[in-house]
file protein_3.txt (compact mmCIF, C-alpha atoms)
# COMPACT_ATOMS: atom_id res chain seq x y z
CA MET T 1 -171.50 -40.21 -63.88
CA THR T 2 -170.46 -39.00 -60.57
CA MET T 3 -168.04 -41.83 -60.26
CA LEU T 4 -166.60 -41.12 -63.71
CA GLU T 5 -166.21 -37.45 -62.89
CA ASP T 6 -164.48 -38.25 -59.64
CA ALA T 7 -162.09 -40.63 -61.41
CA LEU T 8 -161.29 -38.03 -64.05
CA ARG T 9 -160.63 -35.37 -61.43
CA ARG T 10 -158.33 -37.78 -59.52
CA THR T 11 -156.41 -38.60 -62.70
CA PHE T 12 -155.84 -34.94 -63.53
CA ALA T 13 -154.81 -34.24 -59.97
CA ASP T 14 -152.26 -37.11 -60.00
CA THR T 15 -150.88 -35.95 -63.36
CA VAL T 16 -150.51 -32.37 -62.23
CA GLY T 17 -148.83 -33.49 -58.99
CA ALA T 18 -146.41 -35.76 -60.85
CA VAL T 19 -145.24 -33.20 -63.46
CA THR T 20 -141.99 -31.43 -62.49
CA PRO T 21 -142.00 -27.74 -63.28
CA LEU T 22 -139.59 -26.90 -66.12
CA ARG T 23 -137.87 -24.08 -64.09
CA PRO T 24 -138.46 -24.55 -60.41
CA ASP T 25 -138.22 -21.24 -58.56
CA PRO T 26 -136.50 -19.16 -61.32
CA ALA T 27 -136.08 -16.16 -58.98
CA GLY T 28 -134.36 -18.26 -56.34
CA HIS T 29 -132.12 -19.79 -58.97
CA ALA T 30 -131.07 -16.36 -60.23
CA ILE T 31 -130.39 -15.16 -56.69
CA THR T 32 -128.21 -18.20 -55.97
CA ARG T 33 -126.19 -17.65 -59.16
CA ALA T 34 -125.78 -13.97 -58.38
CA CYS T 35 -124.47 -14.79 -54.90
CA ALA T 36 -121.94 -17.27 -56.32
CA LEU T 37 -120.83 -14.74 -58.91
CA ARG T 38 -120.41 -12.08 -56.22
CA ARG T 39 -118.32 -14.46 -54.11
CA ARG T 40 -116.14 -15.24 -57.14
CA HIS T 41 -115.66 -11.52 -57.86
CA ARG T 42 -114.68 -10.90 -54.25
CA MET T 43 -112.06 -13.70 -54.41
CA VAL T 44 -110.60 -12.36 -57.66
CA ALA T 45 -110.49 -8.82 -56.30
CA SER T 46 -108.81 -9.97 -53.08
CA THR T 47 -106.21 -11.93 -55.03
CA ALA T 48 -105.55 -8.94 -57.29
CA VAL T 49 -105.06 -6.70 -54.26
CA MET T 50 -102.65 -9.20 -52.68
CA VAL T 51 -100.65 -9.50 -55.91
CA ALA T 52 -100.52 -5.70 -56.22
CA ILE T 53 -99.23 -5.42 -52.64
CA VAL T 54 -96.52 -8.01 -53.29
CA VAL T 55 -95.47 -6.31 -56.52
CA LEU T 56 -95.35 -2.90 -54.86
CA ALA T 57 -93.42 -4.29 -51.90
CA SER T 58 -90.83 -5.76 -54.23
CA GLY T 59 -90.28 -2.41 -55.91
CA THR T 60 -89.52 -2.53 -59.55
CA TRP T 61 -88.07 -6.00 -59.52
CA TRP T 62 -89.53 -8.73 -61.63
CA VAL T 63 -88.44 -12.12 -62.74
CA ARG T 64 -89.06 -13.84 -65.97
CA SER T 65 -88.27 -17.34 -66.92
CA ALA T 66 -84.94 -17.67 -68.55
CA GLY T 67 -84.30 -19.84 -71.53
CA ALA T 68 -81.34 -21.41 -69.82
CA ARG T 69 -82.37 -23.49 -66.87
CA PRO T 70 -79.87 -25.03 -64.51
CA GLY T 71 -78.87 -28.31 -65.98
CA ASP T 72 -79.85 -27.45 -69.50
CA PRO T 73 -77.26 -28.59 -71.97
CA ALA T 74 -75.57 -26.01 -74.12
CA VAL T 75 -73.89 -26.61 -77.38
CA ASP T 76 -70.46 -25.16 -77.82
CA ALA T 77 -70.15 -23.76 -81.30
CA ALA T 78 -66.46 -24.40 -81.12
CA SER T 79 -66.18 -27.75 -79.40
CA GLY T 80 -69.65 -29.19 -79.91
CA GLN T 81 -69.70 -30.29 -76.28
CA GLY T 82 -72.47 -29.55 -73.85
CA ALA T 83 -72.21 -28.55 -70.22
CA ALA T 84 -74.38 -27.48 -67.34
CA GLY T 85 -74.06 -24.02 -65.93
CA SER T 86 -75.98 -24.34 -62.69
CA ASP T 87 -72.81 -24.60 -60.63
CA VAL T 88 -71.38 -21.32 -61.86
CA ASP T 89 -72.33 -18.48 -59.57
CA VAL T 90 -71.74 -15.58 -61.94
CA ASP T 91 -74.34 -12.96 -62.74
CA LEU T 92 -74.58 -11.07 -66.02
CA VAL T 93 -75.98 -7.68 -66.83
CA SER T 94 -77.36 -6.18 -70.01
CA GLY T 95 -78.88 -2.74 -69.73
CA GLY T 96 -81.31 -2.99 -66.84
CA GLU T 97 -81.56 -6.78 -67.01
CA LEU T 98 -79.75 -9.04 -64.59
CA TYR T 99 -79.21 -12.73 -65.35
CA GLN T 100 -78.51 -14.84 -62.29
CA GLY T 101 -76.38 -17.70 -63.51
CA ILE T 102 -76.95 -19.94 -60.50
CA THR T 103 -80.74 -19.93 -60.93
CA GLY T 104 -81.10 -19.08 -64.60
CA ALA T 105 -83.55 -16.30 -63.74
CA VAL T 106 -83.59 -12.93 -65.43
CA ARG T 107 -84.44 -10.03 -63.17
CA ASN T 108 -85.17 -6.54 -64.23
CA LEU T 109 -83.74 -3.57 -62.41
CA ALA T 110 -86.34 -1.15 -63.64
CA ALA T 111 -86.42 2.61 -63.19
CA THR T 112 -82.87 2.68 -64.49
CA GLY T 113 -83.60 5.27 -67.16
CA GLU T 114 -80.76 6.06 -69.50
CA VAL T 115 -78.10 5.84 -66.84
CA ALA T 116 -75.44 3.12 -66.94
CA ILE T 117 -76.58 1.13 -63.93
CA ALA T 118 -73.14 -0.44 -63.33
CA PRO T 119 -74.38 -3.08 -60.89
CA ALA T 120 -72.08 -4.71 -58.36
CA ARG T 121 -72.83 -7.83 -56.37
CA VAL T 122 -72.22 -7.56 -52.65
CA PRO T 123 -72.70 -10.17 -49.91
CA PHE T 124 -76.39 -9.35 -49.42
CA GLY T 125 -77.52 -8.42 -52.94
CA TYR T 126 -76.78 -5.76 -55.50
CA VAL T 127 -75.81 -2.11 -55.67
CA TYR T 128 -76.68 -0.21 -58.82
CA ARG T 129 -77.46 3.23 -60.17
CA SER T 130 -81.01 4.03 -61.16
CA ALA T 131 -82.63 6.92 -62.96
CA GLY T 132 -81.32 10.23 -61.71
CA SER T 133 -78.04 8.49 -60.89
CA MET T 134 -79.43 7.43 -57.51
CA LEU T 135 -77.70 4.53 -55.80
CA ARG T 136 -80.03 1.68 -54.99
CA LEU T 137 -79.61 -1.52 -52.99
CA VAL T 138 -81.67 -4.66 -53.47
CA THR T 139 -81.43 -8.12 -51.96
CA PHE T 140 -80.87 -11.19 -54.11
CA THR T 141 -84.62 -11.78 -54.06
CA GLY T 142 -85.33 -8.26 -55.21
CA LEU T 143 -86.44 -6.60 -52.00
CA PRO T 144 -85.36 -2.96 -52.00
CA ILE T 145 -83.20 -1.78 -49.12
CA PRO T 146 -83.96 1.82 -48.18
CA VAL T 147 -80.91 4.04 -48.56
CA GLY T 148 -82.49 7.46 -48.88
CA GLU T 149 -81.26 9.86 -51.53
CA LEU T 150 -77.78 8.85 -52.65
CA PRO T 151 -76.99 10.54 -55.96
CA ALA T 152 -73.77 9.21 -57.45
CA ASP T 153 -72.02 9.97 -60.71
CA THR T 154 -69.48 7.24 -60.03
CA TYR T 155 -69.19 4.69 -57.27
CA ALA T 156 -66.99 1.79 -56.17
CA VAL T 157 -67.25 -1.10 -53.73
CA SER T 158 -64.49 -2.45 -51.49
CA SER T 159 -63.20 -5.94 -52.19
CA ASP T 160 -65.12 -7.40 -49.25
CA GLY T 161 -68.32 -5.66 -50.31
CA GLY T 162 -68.54 -3.88 -46.98
CA ARG T 163 -67.81 -0.30 -48.01
CA LEU T 164 -69.14 2.01 -50.64
CA ALA T 165 -67.54 5.16 -52.06
CA TRP T 166 -69.29 7.53 -54.42
CA ILE T 167 -68.89 10.93 -56.02
CA ARG T 168 -71.66 13.37 -56.72
CA ASP T 169 -70.91 16.37 -58.88
CA THR T 170 -72.64 19.28 -57.18
CA ASP T 171 -72.96 22.93 -58.15
CA SER T 172 -70.07 23.94 -55.94
CA ALA T 173 -67.56 21.09 -55.90
CA PRO T 174 -67.92 17.35 -56.37
CA SER T 175 -68.42 15.53 -53.11
CA LEU T 176 -66.70 12.21 -52.40
CA GLN T 177 -68.22 10.07 -49.68
CA VAL T 178 -67.39 6.69 -48.21
CA ALA T 179 -69.61 4.66 -45.89
CA PRO T 180 -70.13 1.12 -44.63
CA VAL T 181 -72.85 -0.80 -46.42
CA THR T 182 -74.81 -3.72 -45.04
CA VAL T 183 -78.16 -5.37 -45.55
CA ALA T 184 -79.50 -2.69 -43.19
CA GLY T 185 -78.46 0.04 -45.60
CA VAL T 186 -75.71 2.61 -45.86
CA GLY T 187 -74.05 3.73 -42.64
CA GLU T 188 -72.64 7.09 -41.64
CA ALA T 189 -70.50 8.59 -44.38
CA GLN T 190 -67.20 10.40 -44.32
CA GLN T 191 -66.81 12.96 -47.02
CA THR T 192 -64.47 15.37 -48.73
CA THR T 193 -64.45 17.46 -51.86
CA VAL T 194 -62.62 16.45 -55.03
CA PRO T 195 -61.74 18.28 -58.26
CA ASP T 196 -64.17 18.41 -61.15
CA GLY T 197 -64.15 15.29 -63.29
CA ALA T 198 -62.74 13.01 -60.60
CA ARG T 199 -64.06 9.48 -60.47
CA VAL T 200 -63.84 6.81 -57.82
CA LEU T 201 -62.20 3.55 -58.93
CA GLY T 202 -61.82 1.28 -55.94
CA PHE T 203 -60.20 0.69 -52.61
CA ILE T 204 -56.73 -0.16 -51.39
CA GLY T 205 -57.30 -1.12 -47.80
CA ARG T 206 -58.96 1.87 -46.17
CA TYR T 207 -57.85 4.22 -48.95
CA VAL T 208 -60.11 5.18 -51.83
CA VAL T 209 -58.53 5.14 -55.29
CA LEU T 210 -59.42 8.06 -57.53
CA GLY T 211 -58.86 8.94 -61.17
CA ASP T 212 -58.82 12.51 -62.40
CA GLY T 213 -61.06 11.60 -65.32
CA GLN T 214 -58.77 13.12 -67.93
CA LYS T 215 -57.82 11.47 -71.21
CA SER T 216 -54.39 10.45 -69.92
CA GLU T 217 -55.72 9.64 -66.53
CA ARG T 218 -53.76 10.28 -63.39
CA TYR T 219 -54.42 8.57 -60.11
CA ASP T 220 -54.44 9.33 -56.44
CA VAL T 221 -55.69 7.88 -53.19
CA TRP T 222 -57.75 9.44 -50.43
CA ASN T 223 -57.42 8.62 -46.78
CA PRO T 224 -60.94 9.10 -45.37
CA ALA T 225 -59.44 10.19 -42.07
CA ALA T 226 -58.48 13.54 -43.61
CA ALA T 227 -59.56 15.93 -46.33
CA PHE T 228 -58.43 15.06 -49.84
CA THR T 229 -55.49 17.05 -51.16
CA PRO T 230 -54.89 16.24 -54.83
CA THR T 231 -51.44 14.93 -55.66
CA TRP T 232 -52.31 13.20 -58.91
CA ARG T 233 -49.63 10.75 -60.07
CA SER T 234 -49.05 10.04 -63.73
CA GLY T 235 -47.20 7.12 -65.28
CA ILE T 236 -49.85 4.47 -64.67
CA THR T 237 -51.63 3.64 -67.87
CA ALA T 238 -54.51 1.81 -66.23
CA PHE T 239 -55.90 0.95 -62.84
CA LEU T 240 -57.06 -2.63 -63.10
CA GLY T 241 -58.68 -3.23 -59.78
CA ALA T 242 -58.04 -4.37 -56.26
CA ASP T 243 -58.60 -7.42 -54.16
CA ASN T 244 -57.66 -8.50 -50.67
CA SER T 245 -53.99 -8.72 -51.56
CA GLY T 246 -53.69 -5.25 -53.04
CA ALA T 247 -54.36 -3.23 -56.14
CA PHE T 248 -52.94 -3.64 -59.60
CA GLY T 249 -52.18 -1.37 -62.48
CA LEU T 250 -50.31 -1.14 -65.74
CA VAL T 251 -47.30 0.98 -66.61
CA ALA T 252 -45.33 1.31 -69.82
CA ASP T 253 -41.86 -0.17 -69.83
CA LEU T 254 -38.65 0.90 -71.55
CA ASN T 255 -39.54 -0.88 -74.77
CA ASP T 256 -43.08 0.42 -75.06
CA GLY T 257 -44.30 -2.80 -73.54
CA THR T 258 -46.68 -3.05 -70.65
CA CYS T 259 -45.79 -3.90 -67.10
CA LEU T 260 -48.15 -5.10 -64.44
CA ILE T 261 -47.53 -3.41 -61.14
CA ARG T 262 -48.88 -3.93 -57.69
CA LEU T 263 -49.67 -0.84 -55.74
CA SER T 264 -48.90 -0.97 -52.09
CA ARG T 265 -51.12 0.52 -49.43
CA CYS T 266 -48.72 3.34 -48.86
CA ARG T 267 -48.42 5.44 -51.96
CA PRO T 268 -45.73 4.02 -54.16
CA ALA T 269 -43.65 6.17 -56.44
CA TRP T 270 -45.31 5.63 -59.77
CA ARG T 271 -42.05 6.21 -61.61
CA ARG T 272 -38.45 6.79 -60.77
CA ARG T 273 -37.44 10.09 -59.30
CA ASP T 274 -35.45 10.99 -62.40
CA GLY T 275 -38.55 10.48 -64.51
CA ALA T 276 -37.08 7.60 -66.49
CA ALA T 277 -39.40 4.87 -67.62
CA VAL T 278 -39.51 1.71 -65.59
CA SER T 279 -38.32 -1.68 -66.68
CA CYS T 280 -40.22 -4.88 -66.18
CA ARG T 281 -38.01 -6.17 -63.45
CA PRO T 282 -38.51 -6.36 -59.73
CA ALA T 283 -37.42 -3.12 -58.20
CA ARG T 284 -37.52 -1.53 -54.83
CA ASP T 285 -38.93 1.94 -54.49
CA ARG T 286 -39.66 4.25 -51.69
CA CYS T 287 -43.22 4.97 -50.80
CA TRP T 288 -44.49 8.36 -51.61
CA PRO T 289 -44.77 10.42 -49.53
CA GLY T 290 -43.03 9.36 -46.38
CA SER T 291 -39.92 7.43 -45.62
CA ALA T 292 -41.31 3.93 -45.23
CA ALA T 293 -39.88 1.57 -47.81
CA THR T 294 -41.97 -0.96 -49.64
CA TRP T 295 -41.65 -3.31 -52.54
CA ARG T 296 -43.13 -2.49 -55.85
CA TRP T 297 -43.19 -5.49 -58.11
CA ARG T 298 -43.25 -5.22 -61.82
CA VAL T 299 -43.76 -7.92 -64.36
CA ALA T 300 -44.38 -8.00 -68.06
CA VAL T 301 -48.01 -8.72 -68.82
CA PRO T 302 -48.14 -12.26 -70.19
CA MET V 1 -58.66 -6.89 -68.52
CA LEU V 2 -58.27 -8.31 -65.10
CA ALA V 3 -60.12 -9.86 -62.27
CA GLY V 4 -58.79 -10.84 -58.91
CA LEU V 5 -59.78 -13.43 -56.34
CA GLY V 6 -57.76 -15.01 -53.62
CA GLY V 7 -54.73 -13.01 -54.60
CA HIS V 8 -54.69 -14.32 -58.16
CA LEU V 9 -55.11 -12.31 -61.30
CA ALA V 10 -56.81 -13.21 -64.54
CA LEU V 11 -55.53 -11.31 -67.54
CA ALA V 12 -57.33 -11.49 -70.84
CA ARG V 13 -55.83 -10.58 -74.14
CA GLY V 14 -57.45 -11.60 -77.40
CA ARG V 15 -58.54 -15.20 -77.02
CA THR V 16 -56.18 -16.00 -74.17
CA VAL V 17 -56.90 -15.86 -70.46
CA THR V 18 -53.82 -16.08 -68.29
CA VAL V 19 -54.05 -16.71 -64.58
CA VAL V 20 -51.15 -15.51 -62.50
CA ASP V 21 -50.18 -15.61 -58.87
CA PRO V 22 -48.57 -12.22 -58.27
CA GLU V 23 -46.43 -13.52 -55.44
CA ALA V 24 -44.87 -16.01 -57.80
CA VAL V 25 -44.86 -14.12 -61.06
CA PHE V 26 -43.55 -10.86 -59.69
CA THR V 27 -40.57 -12.73 -58.37
CA GLY V 28 -39.85 -14.53 -61.60
CA GLY V 29 -42.17 -17.52 -61.40
CA GLN V 30 -44.46 -18.86 -64.07
CA ALA V 31 -48.10 -18.14 -64.76
CA ARG V 32 -50.44 -20.48 -62.93
CA GLY V 33 -52.45 -21.45 -65.96
CA ARG V 34 -53.68 -20.37 -69.34
CA CYS V 35 -56.83 -20.99 -71.36
CA GLU V 36 -57.24 -20.59 -75.09
CA LEU V 37 -60.82 -19.68 -75.96
CA ALA V 38 -62.62 -19.99 -79.26
CA GLY V 39 -63.59 -16.33 -79.44
CA ASP V 40 -62.18 -13.01 -78.32
CA VAL V 41 -62.69 -12.31 -74.66
CA GLN V 42 -65.01 -9.41 -73.91
CA SER V 43 -64.83 -9.58 -70.14
CA VAL V 44 -63.55 -11.86 -67.41
CA ILE V 45 -64.46 -12.41 -63.80
CA TRP V 46 -63.64 -15.01 -61.20
CA ALA V 47 -66.34 -17.61 -60.71
CA ASP V 48 -64.58 -19.32 -57.82
CA PRO V 49 -60.98 -19.65 -56.64
CA ILE V 50 -60.16 -22.06 -59.48
CA HIS V 51 -62.33 -20.99 -62.37
CA VAL V 52 -62.40 -17.84 -64.44
CA PHE V 53 -65.64 -16.94 -66.16
CA ALA V 54 -65.07 -15.36 -69.56
CA MET V 55 -67.69 -13.78 -71.78
CA THR V 56 -66.70 -14.23 -75.40
CA GLY V 57 -68.26 -13.41 -78.71
CA LEU V 58 -69.40 -17.04 -78.85
CA GLY V 59 -71.00 -17.05 -75.42
CA PRO V 60 -69.94 -17.69 -71.84
CA ARG V 61 -66.99 -19.94 -71.11
CA LEU V 62 -65.43 -21.27 -67.95
CA CYS V 63 -61.66 -21.54 -67.77
CA ASP V 64 -60.10 -23.96 -65.31
CA ALA V 65 -57.08 -22.06 -64.12
CA GLU V 66 -55.20 -25.20 -63.13
CA THR V 67 -55.77 -27.49 -66.09
CA GLY V 68 -56.35 -24.93 -68.82
CA THR V 69 -59.52 -26.69 -69.93
CA VAL V 70 -62.52 -24.70 -71.13
CA ARG V 71 -66.17 -25.44 -70.44
CA THR V 72 -69.07 -24.03 -72.39
CA LEU V 73 -71.88 -22.66 -70.26
CA PRO V 74 -75.56 -22.31 -71.12
CA ALA V 75 -76.10 -19.09 -72.97
CA PRO V 76 -78.32 -16.59 -71.21
CA PRO V 77 -81.61 -15.74 -72.89
CA PRO V 78 -81.57 -12.93 -75.44
CA ALA V 79 -81.39 -9.59 -73.69
CA THR V 80 -84.27 -7.29 -74.47
CA SER V 81 -81.97 -4.28 -74.17
CA GLY V 82 -80.04 -5.41 -77.23
CA GLN V 83 -76.80 -4.89 -75.33
CA PRO V 84 -74.38 -7.76 -74.71
CA TRP V 85 -74.36 -9.64 -71.43
CA LEU V 86 -71.40 -8.74 -69.27
CA PRO V 87 -70.34 -10.22 -65.95
CA VAL V 88 -71.41 -8.40 -62.81
CA PRO V 89 -68.43 -7.62 -60.55
CA THR V 90 -68.67 -9.48 -57.29
CA TYR V 91 -67.36 -8.15 -54.00
CA GLY V 92 -67.20 -10.35 -50.92
CA ASN V 93 -68.87 -13.69 -50.41
CA ARG V 94 -72.57 -14.20 -50.78
call {"tool": "encode", "arguments": {"input": "protein_3.txt", "output": "structure tokens"}}
result
Amino acid sequence: MTMLEDALRRTFADTVGAVTPLRPDPAGHAITRACALRRRHRMVASTAVMVAIVVLASGTWWVRSAGARPGDPAVDAASGQGAAGSDVDVDLVSGGELYQGITGAVRNLAATGEVAIAPARVPFGYVYRSAGSMLRLVTFTGLPIPVGELPADTYAVSSDGGRLAWIRDTDSAPSLQVAPVTVAGVGEAQQTTVPDGARVLGFIGRYVVLGDGQKSERYDVWNPAAAFTPTWRSGITAFLGADNSGAFGLVADLNDGTCLIRLSRCRPAWRRRDGAAVSCRPARDRCWPGSAATWRWRVAVP
Amino acid sequence: MLAGLGGHLALARGRTVTVVDPEAVFTGGQARGRCELAGDVQSVIWADPIHVFAMTGLGPRLCDAETGTVRTLPAPPPATSGQPWLPVPTYGNR
């Protein structure tokens, strides 16, 4: 009997020792899972903080994938031929959106409000107007360049992208300023006052081209070395723009046609001294004012 | 409409983009080149010294100022602003 009892006890003991508990150390298991969860939460939080810092550092600039990728074929509704656009370095704007043709990315210039942002591409990025008509600079990758408070109702960029002119209509008199602009920001400005309604249109060399903003607009230039004295010139129907070789405009000819004219750096006489309309033929005029002679070319717009 | 690069002008009227060299044309020479586009030109800008980028009602086009040929470019994605895409003026070299 004793032997049987001993054998039974041994059997039970072996069985109990061999059985694996269904949930070994449930408290330890819960603690381990809690630690892992905490580590995961910390990683997510850290990542979120890093993303927030990057977003804040990049200002209001964001990028979304564009439908048109470089190399994507496009179907021409007219010709039915496809072509790639990745080699065309032209950017487009629509409202506050900027489409970079070379990359196919769409970037958003946010905080633009209801103002016409009128962006311009310069060698280091973009200039545009944001809410409150403040001028802003950003690099091509969207990093904001600090420029301080630069309110501008109108602005223009020189043909080399190295100078900026802008007008701010103040309570007293509108202020016209011109300053160098680089990736480091806007340099020291020269300024003058201009009549109400004036707008800045561009540059001819070191001169700033202005329009009086009236319905039949008249034009003038400002030499930043001196205060602006308005001597608005009529007769030009449109100022078309300027490049390294000069500025161009349109004038009406004798037959109600349109002539393309090139404006020289010294002020040309917009029309003949007797007030007669010009003809679309090469003509030589005197600069105005001053005695230096220059050529003013005219040609019928093709 | 006009855009200038390298001393050349691009003039757009209707569906035609004409490229002129002022030095030649103002002294009686001929236009450098001309492109006929499928749709009316909304805006033009120089893409490089040879090509003029034109935004038309049918999408973006590239005019070769020397040969007069026209390339169709990939259309940008729809703008959320609902306003048309227009070229951004470029000043200086990137």
call {"tool": "closest_atom_pairs", "arguments": {"input": "protein_3.txt", "of": "chain V", "to": "chain T", "cutoff": "6 Å", "atoms": "all atoms listed in the file", "output": "Markdown table"}}
result
| residue | atom | partner | partner_atom | distance |
| --- | --- | --- | --- | --- |
| V:Gly4 | CA | T:Asp243 | CA | 5.9 |
| V:Gly7 | CA | T:Ser245 | CA | 5.3 |
| V:Phe26 | CA | T:Val299 | CA | 5.5 |
| V:Ala47 | CA | T:Val90 | CA | 5.9 |
| V:Thr72 | CA | T:Asp76 | CA | 5.7 |
| V:Leu73 | CA | T:Gly85 | CA | 5.0 |
| V:Pro74 | CA | T:Ala74 | CA | 4.8 |
| V:Pro76 | CA | T:Ala68 | CA | 5.9 |
| V:Pro77 | CA | T:Gly67 | CA | 5.1 |
| V:Ser81 | CA | T:Gly95 | CA | 5.6 |
| V:Gln83 | CA | T:Ser94 | CA | 5.5 |
| V:Pro84 | CA | T:Ser94 | CA | 5.8 |
| V:Trp85 | CA | T:Ser94 | CA | 4.8 |
| V:Leu86 | CA | T:Leu92 | CA | 5.1 |
| V:Pro87 | CA | T:Leu92 | CA | 4.3 |
| V:Val88 | CA | T:Leu92 | CA | 5.2 |
| V:Pro89 | CA | T:Ala120 | CA | 5.2 |
| V:Thr90 | CA | T:Arg121 | CA | 4.6 |
| V:Tyr91 | CA | T:Gly161 | CA | 4.6 |
| V:Gly92 | CA | T:Asp160 | CA | 4.0 |
| V:Asn93 | CA | T:Pro123 | CA | 5.2 |
| V:Arg94 | CA | T:Pro123 | CA | 4.1 |
call {"tool": "atom_distance", "arguments": {"input": "protein_3.txt", "atom1": "CA of Tyr155 in chain T", "atom2": "CA of Cys63 in chain V"}}
result
29.2 Å
call {"tool": "residues_around", "arguments": {"input": "protein_3.txt", "residues": "Arg32 in chain V", "least_positions_apart": "3", "cutoff": "8 Å", "atoms": "all atoms listed in the file", "output": "PDB file with C-alpha atoms, in the frame of the given file"}}
result
ATOM      1  CA  THR V  18     -53.820 -16.080 -68.290  1.00  0.00           C
ATOM      2  CA  VAL V  19     -54.050 -16.710 -64.580  1.00  0.00           C
ATOM      3  CA  VAL V  20     -51.150 -15.510 -62.500  1.00  0.00           C
ATOM      4  CA  ASP V  21     -50.180 -15.610 -58.870  1.00  0.00           C
ATOM      5  CA  ALA V  65     -57.080 -22.060 -64.120  1.00  0.00           C
ATOM      6  CA  GLU V  66     -55.200 -25.200 -63.130  1.00  0.00           C
TER       7      GLU V  66
END
call {"tool": "axis_aligned_box", "arguments": {"input": "protein_3.txt", "around": "range 141-160 of chain T", "padding_each_side": "3 Å", "output": "lines of an AutoDock Vina configuration file"}}
result
center_x = -74.8
center_y = -0.6
center_z = -54.4
size_x = 29.2
size_y = 28.3
size_z = 18.5
call {"tool": "atom_distance", "arguments": {"input": "protein_3.txt", "atom1": "CA of Gln214 in chain T", "atom2": "CA of Ala198 in chain T"}}
result
8.3 Å
call {"tool": "atom_distance", "arguments": {"input": "protein_3.txt", "atom1": "CA of Leu37 in chain V", "atom2": "CA of Ile50 in chain V"}}
result
16.7 Å
call {"tool": "residues_around", "arguments": {"input": "protein_3.txt", "residues": "Ser133 in chain T", "least_positions_apart": "4", "cutoff": "9 Å", "atoms": "all atoms listed in the file", "output": "PyMOL selection string"}}
result
chain T and resi 112-113+115-117+129+150-154
call {"tool": "residues_around", "arguments": {"input": "protein_3.txt", "residues": "Val194 in chain T", "least_positions_apart": "3", "cutoff": "10 Å", "atoms": "all atoms listed in the file", "output": "number ranges by chain"}}
result
T: 167-169, 173-176, 191, 197-199, 210, 212, 222, 227-230
call {"tool": "residues_around", "arguments": {"input": "protein_3.txt", "residues": "Val183 in chain T", "least_positions_apart": "2", "cutoff": "9 Å", "atoms": "only C-alpha atoms", "output": "mmCIF file with C-alpha atoms, keeping the file's coordinate frame"}}
result
data_model
loop_
_atom_site.group_PDB
_atom_site.id
_atom_site.type_symbol
_atom_site.label_atom_id
_atom_site.label_comp_id
_atom_site.auth_asym_id
_atom_site.auth_seq_id
_atom_site.Cartn_x
_atom_site.Cartn_y
_atom_site.Cartn_z
ATOM 1 C CA PRO T 123 -72.700 -10.170 -49.910
ATOM 2 C CA PHE T 124 -76.390 -9.350 -49.420
ATOM 3 C CA GLY T 125 -77.520 -8.420 -52.940
ATOM 4 C CA LEU T 137 -79.610 -1.520 -52.990
ATOM 5 C CA VAL T 138 -81.670 -4.660 -53.470
ATOM 6 C CA THR T 139 -81.430 -8.120 -51.960
ATOM 7 C CA ILE T 145 -83.200 -1.780 -49.120
ATOM 8 C CA VAL T 181 -72.850 -0.800 -46.420
ATOM 9 C CA GLY T 185 -78.460 0.040 -45.600
ATOM 10 C CA VAL T 186 -75.710 2.610 -45.860
#
call {"tool": "closest_residue", "arguments": {"input": "protein_3.txt", "among": "T:Trp166, T:Leu201, T:Ala156, T:Asn108", "to": "Met134 in chain T", "atoms": "all atoms listed in the file"}}
result
T:Trp166
call {"tool": "build_atoms", "arguments": {"input": "protein_3.txt", "residues": "range 205-211 of chain T", "atoms": "N, CA, C and O atoms", "output": "mmCIF file, in the coordinates of the input"}}
result
data_model
loop_
_atom_site.group_PDB
_atom_site.id
_atom_site.type_symbol
_atom_site.label_atom_id
_atom_site.label_comp_id
_atom_site.auth_asym_id
_atom_site.auth_seq_id
_atom_site.Cartn_x
_atom_site.Cartn_y
_atom_site.Cartn_z
ATOM 1 N N GLY T 205 -57.135 -1.170 -49.242
ATOM 2 C CA GLY T 205 -57.300 -1.120 -47.800
ATOM 3 C C GLY T 205 -58.341 -0.077 -47.450
ATOM 4 O O GLY T 205 -59.440 -0.059 -47.991
ATOM 5 N N ARG T 206 -57.990 0.845 -46.561
ATOM 6 C CA ARG T 206 -58.960 1.870 -46.170
ATOM 7 C C ARG T 206 -58.924 3.067 -47.089
ATOM 8 O O ARG T 206 -59.715 4.002 -46.952
ATOM 9 N N TYR T 207 -57.971 3.102 -48.022
ATOM 10 C CA TYR T 207 -57.850 4.220 -48.950
ATOM 11 C C TYR T 207 -58.813 4.047 -50.130
ATOM 12 O O TYR T 207 -59.106 2.932 -50.565
ATOM 13 N N VAL T 208 -59.248 5.174 -50.644
ATOM 14 C CA VAL T 208 -60.110 5.180 -51.830
ATOM 15 C C VAL T 208 -59.271 5.615 -53.024
ATOM 16 O O VAL T 208 -58.576 6.632 -52.954
ATOM 17 N N VAL T 209 -59.316 4.833 -54.088
ATOM 18 C CA VAL T 209 -58.530 5.140 -55.290
ATOM 19 C C VAL T 209 -59.359 6.037 -56.205
ATOM 20 O O VAL T 209 -60.521 5.747 -56.490
ATOM 21 N N LEU T 210 -58.733 7.099 -56.670
ATOM 22 C CA LEU T 210 -59.420 8.060 -57.530
ATOM 23 C C LEU T 210 -58.684 8.221 -58.848
ATOM 24 O O LEU T 210 -57.465 8.089 -58.911
ATOM 25 N N GLY T 211 -59.432 8.533 -59.893
ATOM 26 C CA GLY T 211 -58.860 8.940 -61.170
ATOM 27 C C GLY T 211 -59.283 10.364 -61.443
ATOM 28 O O GLY T 211 -60.371 10.783 -61.002
#
